[in-house]
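Trainee: Before I ask anything, here is the structure I am working with.
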Amino acid sequence: MRIALDAMGTDDAPGSEVAGAVGALRDLRSDLEIVLVGDQGRIREELKRYEGVDLDRLRVEHARERIDPGESPALAVRRKPDSSIVVGLNLQKDGEADAFVSAGSTGAVMAASLLLLRPLPGVDRPAIGTLLPTASGACLMLDAGANVDCKPHHLVQFAHLGNIYAQDLMGRERPRVGLLNIGEEPEKGDELSVEAYRLLTESSVNFVGNIEGRELIQGPVDVLVCDGFVGNVLLKFYESVAEFIIGLLRRELEQIEEELELEDIFRILDYAEYGGAPLLGVNGVSIVCHGQSPPKAVQNAIGVAAQAVSSSMVSHIAGELSGATEGTGKVP
């Protein structure tokens, strides 16, 4: 198994990427190979820090350009064919890699994935899925920002994408799927929510109904469906609350002499533990990481990519959605 890793994505690239790759080769599956994509000189200079470490399963693919967060994603992808994002995804497109991981521009990764990998048949809008911590385990939320002008059948497709992800990567045999809304009743919400509710009740997923924001933290569902605008707001709110709670606990602990066992709480709230967010619905494995990802987050994102490949997630999604028709979102 070979995974292409954009080595120029994080804020301190290529430091976090190289460290994350070395950790993945050390801790993950023995058949894993990693291709570091980016400025060859900078990457090799960083690799000097790991002299004595077995790096036989790691190679470097030179890419002289980098897409910056402030650039127009679509334009940058076309104008910078030698960028680390485009080169890395082309490796997957050409069969030289099984998956791609990047902490670079989310928009550029999405644009390049759509252009090079293409959406799967039956998928109108690929979606970004992200894991949210809850009282009963992680919940996959999608869309987390790829689509802000959704139609009802798009939300149904998101439900099917999340359904397969939850089965293959989260080990949920029959995932509970919920629709984020302002009330539990079927008639609550705007036209998008009301119609999406109706279509979801007719779909083959295990739809359990509307989920209000106050319920989410308790973990009533395994998959939470919403449009990308709401999802992105919720994701960033979650991140800010997690940072606030961790900071508050650490400050209070400084004033307590007795050491408390709170590492499990910190781990649950730490986004680095969840690795990257998959772009679901494209014909390949494309994982997006936070731009501030530390080595642990990069390593975990590589782990997510490896798990997606080994579970044949993409082919399972293709099978479930092969009969989807626009306007109904139904899957036979």
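Each chain in the structure tokens gets a letter, A, B and so on, in the order shown; residues start at 1 in every chain, and ligands are counted from 1 in the order they appear.
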Show which residues sit within 9 Å of stretch 278-291 of chain A, as a PyMOL selection string. Count only C-alpha atoms, and ignore same-chain residues fewer than 2 positions away.
Mentor: chain A and resi 9-12+89+92-93+98-106+109-110+113-114+117-130+146+157-158+161-162+165+271-272+275-276+293-294+297-298+301-302+304-305+308-309+313-315+317-318
Trainee: With C-alpha atoms retained, export the selected residues as a tab-separated table (two decimals), in the first residue's frame.
Mentor:
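result-v9.tsv, written as the output of this step:
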chain	number	residue	atom	x	y	z
A	9	GLY	CA	0.75	21.66	3.51
A	10	THR	CA	1.12	22.46	7.21
A	11	ASP	CA	2.14	25.80	8.64
A	12	ASP	CA	5.59	24.42	9.48
A	89	LEU	CA	-3.22	13.49	-6.67
A	92	GLN	CA	-3.09	8.39	-7.29
A	93	LYS	CA	-4.80	9.00	-10.63
A	98	ASP	CA	-3.50	4.34	-3.39
A	99	ALA	CA	-4.43	7.48	-1.45
A	100	PHE	CA	-3.53	11.14	-0.97
A	101	VAL	CA	-3.20	13.13	2.26
A	102	SER	CA	-2.74	16.91	2.51
A	103	ALA	CA	-2.83	19.63	5.15
A	104	GLY	CA	-2.75	22.27	2.44
A	105	SER	CA	-5.54	24.44	1.06
A	106	THR	CA	-8.81	22.56	1.55
A	109	VAL	CA	-7.47	19.68	-2.52
A	110	MET	CA	-11.20	19.57	-3.29
A	113	SER	CA	-9.65	15.85	-6.44
A	114	LEU	CA	-12.76	16.66	-8.46
A	117	LEU	CA	-10.09	11.73	-9.52
A	118	ARG	CA	-13.60	12.74	-10.65
A	119	PRO	CA	-16.84	12.12	-8.71
A	120	LEU	CA	-18.15	8.57	-8.49
A	121	PRO	CA	-21.20	7.70	-10.62
A	122	GLY	CA	-24.33	8.71	-8.74
A	123	VAL	CA	-22.55	11.42	-6.73
A	124	ASP	CA	-23.53	14.97	-7.64
A	125	ARG	CA	-21.63	16.67	-4.81
A	126	PRO	CA	-18.73	15.02	-2.99
A	127	ALA	CA	-18.71	16.03	0.68
A	128	ILE	CA	-16.15	16.54	3.41
A	129	GLY	CA	-16.73	14.31	6.41
A	130	THR	CA	-15.30	15.14	9.82
A	146	ALA	CA	-17.58	21.56	0.55
A	157	GLN	CA	-26.41	11.35	-0.98
A	158	PHE	CA	-24.34	12.64	1.94
A	161	LEU	CA	-21.61	8.43	1.80
A	162	GLY	CA	-21.51	8.70	5.58
A	165	TYR	CA	-17.74	5.44	5.96
A	271	TYR	CA	-8.64	17.14	16.79
A	272	ALA	CA	-5.19	15.64	16.14
A	275	GLY	CA	-6.46	12.62	11.79
A	276	GLY	CA	-7.91	14.04	8.60
A	293	SER	CA	-1.70	19.74	12.15
A	294	PRO	CA	1.12	18.49	14.39
A	297	ALA	CA	-2.42	14.49	13.33
A	298	VAL	CA	-0.52	13.83	10.10
A	301	ALA	CA	-4.50	11.03	8.80
A	302	ILE	CA	-2.20	8.57	7.07
A	304	VAL	CA	-7.29	6.99	8.09
A	305	ALA	CA	-6.17	6.84	4.46
A	308	ALA	CA	-9.99	3.55	3.73
A	309	VAL	CA	-7.85	1.73	1.17
A	313	MET	CA	-14.35	2.06	1.00
A	314	VAL	CA	-14.48	3.71	-2.43
A	315	SER	CA	-15.80	0.60	-4.17
A	317	ILE	CA	-19.58	3.73	-1.89
A	318	ALA	CA	-19.73	3.19	-5.65
Trainee: Could you find all residues in stretch 94-316 of chain A that DSSP calls strand (DSSP E or B) from the backbone, and write them as a ChimeraX atom specification?
Mentor: /A:99-102,119,127-128,130-132,139-142,176-180,206-211,223-225,277-280,282,286-288
Trainee: Suppose we keep N, CA and C atoms; can you now write the selection as a compact mmCIF listing (two decimals), in the first residue's frame?
Mentor:
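selection-v6.txt, written as the output of this step:
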# COMPACT_ATOMS: atom_id res chain seq x y z
N ALA A 99 -3.70 6.44 -2.17
CA ALA A 99 -4.43 7.48 -1.45
C ALA A 99 -3.57 8.74 -1.40
N PHE A 100 -4.22 9.85 -1.06
CA PHE A 100 -3.53 11.14 -0.97
C PHE A 100 -3.94 11.83 0.32
N VAL A 101 -2.96 12.41 1.01
CA VAL A 101 -3.20 13.13 2.26
C VAL A 101 -2.56 14.51 2.16
N SER A 102 -3.29 15.55 2.57
CA SER A 102 -2.74 16.91 2.51
C SER A 102 -3.29 17.77 3.63
N PRO A 119 -15.81 12.67 -9.60
CA PRO A 119 -16.84 12.12 -8.71
C PRO A 119 -17.24 10.71 -9.14
N ALA A 127 -18.59 15.30 -0.59
CA ALA A 127 -18.71 16.03 0.68
C ALA A 127 -17.51 15.75 1.57
N ILE A 128 -17.20 16.73 2.42
CA ILE A 128 -16.15 16.54 3.41
C ILE A 128 -16.78 16.00 4.69
N THR A 130 -16.21 14.91 8.69
CA THR A 130 -15.30 15.14 9.82
C THR A 130 -15.88 14.52 11.08
N LEU A 131 -15.02 14.03 11.94
CA LEU A 131 -15.46 13.37 13.16
C LEU A 131 -15.59 14.37 14.30
N LEU A 132 -16.74 14.32 14.97
CA LEU A 132 -16.99 15.17 16.12
C LEU A 132 -17.04 14.30 17.38
N CYS A 139 -18.81 10.97 16.05
CA CYS A 139 -19.92 11.08 15.11
C CYS A 139 -19.38 11.70 13.83
N LEU A 140 -19.68 11.10 12.70
CA LEU A 140 -19.25 11.64 11.41
C LEU A 140 -20.25 12.68 10.94
N MET A 141 -19.78 13.91 10.75
CA MET A 141 -20.65 14.97 10.23
C MET A 141 -20.26 15.29 8.80
N LEU A 142 -21.23 15.38 7.93
CA LEU A 142 -20.99 15.83 6.57
C LEU A 142 -22.26 16.48 6.02
N ARG A 176 -26.57 4.84 12.65
CA ARG A 176 -27.74 5.70 12.83
C ARG A 176 -27.46 7.02 12.14
N VAL A 177 -28.36 7.41 11.26
CA VAL A 177 -28.18 8.63 10.48
C VAL A 177 -29.21 9.66 10.92
N GLY A 178 -28.75 10.88 11.22
CA GLY A 178 -29.66 11.95 11.63
C GLY A 178 -29.48 13.18 10.76
N LEU A 179 -30.50 14.01 10.73
CA LEU A 179 -30.49 15.26 9.97
C LEU A 179 -30.44 16.42 10.97
N LEU A 180 -29.44 17.26 10.88
CA LEU A 180 -29.32 18.40 11.79
C LEU A 180 -30.44 19.40 11.50
N ASN A 206 -30.35 3.91 7.71
CA ASN A 206 -31.05 3.81 9.00
C ASN A 206 -31.29 5.21 9.55
N PHE A 207 -32.27 5.90 8.97
CA PHE A 207 -32.54 7.29 9.34
C PHE A 207 -33.36 7.33 10.62
N VAL A 208 -32.85 8.05 11.64
CA VAL A 208 -33.52 8.09 12.94
C VAL A 208 -34.20 9.43 13.20
N GLY A 209 -34.16 10.34 12.22
CA GLY A 209 -34.91 11.58 12.36
C GLY A 209 -34.04 12.82 12.52
N ASN A 210 -34.71 13.92 12.86
CA ASN A 210 -34.02 15.19 13.06
C ASN A 210 -33.24 15.20 14.38
N ILE A 211 -32.11 15.86 14.36
CA ILE A 211 -31.27 15.99 15.56
C ILE A 211 -31.07 17.48 15.83
N VAL A 223 -23.93 9.22 12.16
CA VAL A 223 -23.73 10.08 10.99
C VAL A 223 -24.70 11.24 11.09
N LEU A 224 -24.18 12.46 10.99
CA LEU A 224 -25.01 13.66 11.04
C LEU A 224 -24.91 14.37 9.70
N VAL A 225 -26.07 14.60 9.09
CA VAL A 225 -26.12 15.21 7.75
C VAL A 225 -26.56 16.66 7.85
N ALA A 277 -9.89 14.71 7.47
CA ALA A 277 -11.28 14.63 7.02
C ALA A 277 -11.32 14.12 5.58
N PRO A 278 -12.04 13.04 5.32
CA PRO A 278 -12.08 12.50 3.96
C PRO A 278 -13.01 13.30 3.05
N LEU A 279 -12.61 13.44 1.79
CA LEU A 279 -13.50 13.97 0.77
C LEU A 279 -14.23 12.76 0.19
N LEU A 280 -15.46 12.57 0.60
CA LEU A 280 -16.23 11.38 0.22
C LEU A 280 -17.01 11.61 -1.06
N VAL A 282 -15.55 10.96 -4.27
CA VAL A 282 -14.66 10.98 -5.43
C VAL A 282 -14.11 9.58 -5.66
N SER A 286 -9.00 10.73 -0.74
CA SER A 286 -8.41 12.07 -0.60
C SER A 286 -8.72 12.57 0.81
N ILE A 287 -7.68 12.77 1.61
CA ILE A 287 -7.84 13.14 3.01
C ILE A 287 -7.29 14.55 3.24
N VAL A 288 -8.10 15.39 3.87
CA VAL A 288 -7.71 16.78 4.15
C VAL A 288 -7.43 16.93 5.64
Trainee: Find, counting only C-alpha atoms, the residue in A:Asp143, A:Leu5, A:Ser136, A:Ala21 that gets nearest to A:Val233.
Mentor: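 When distances to A:Val233 are compared using only C-alpha atoms, the smallest one comes from A:Asp143.
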Trainee: Figure out the distance between atom CA of A:Arg42 and atom CA of A:Met1, please, to one decimal in Å.
Mentor: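 Going from atom CA of A:Met1 over to atom CA of A:Arg42, I get 25.1 Å.
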Trainee: Quick one: pull the distance between atom CA of A:Gly319 and atom CA of A:Ala159, Å, one decimal.
Mentor: 14.4 Å
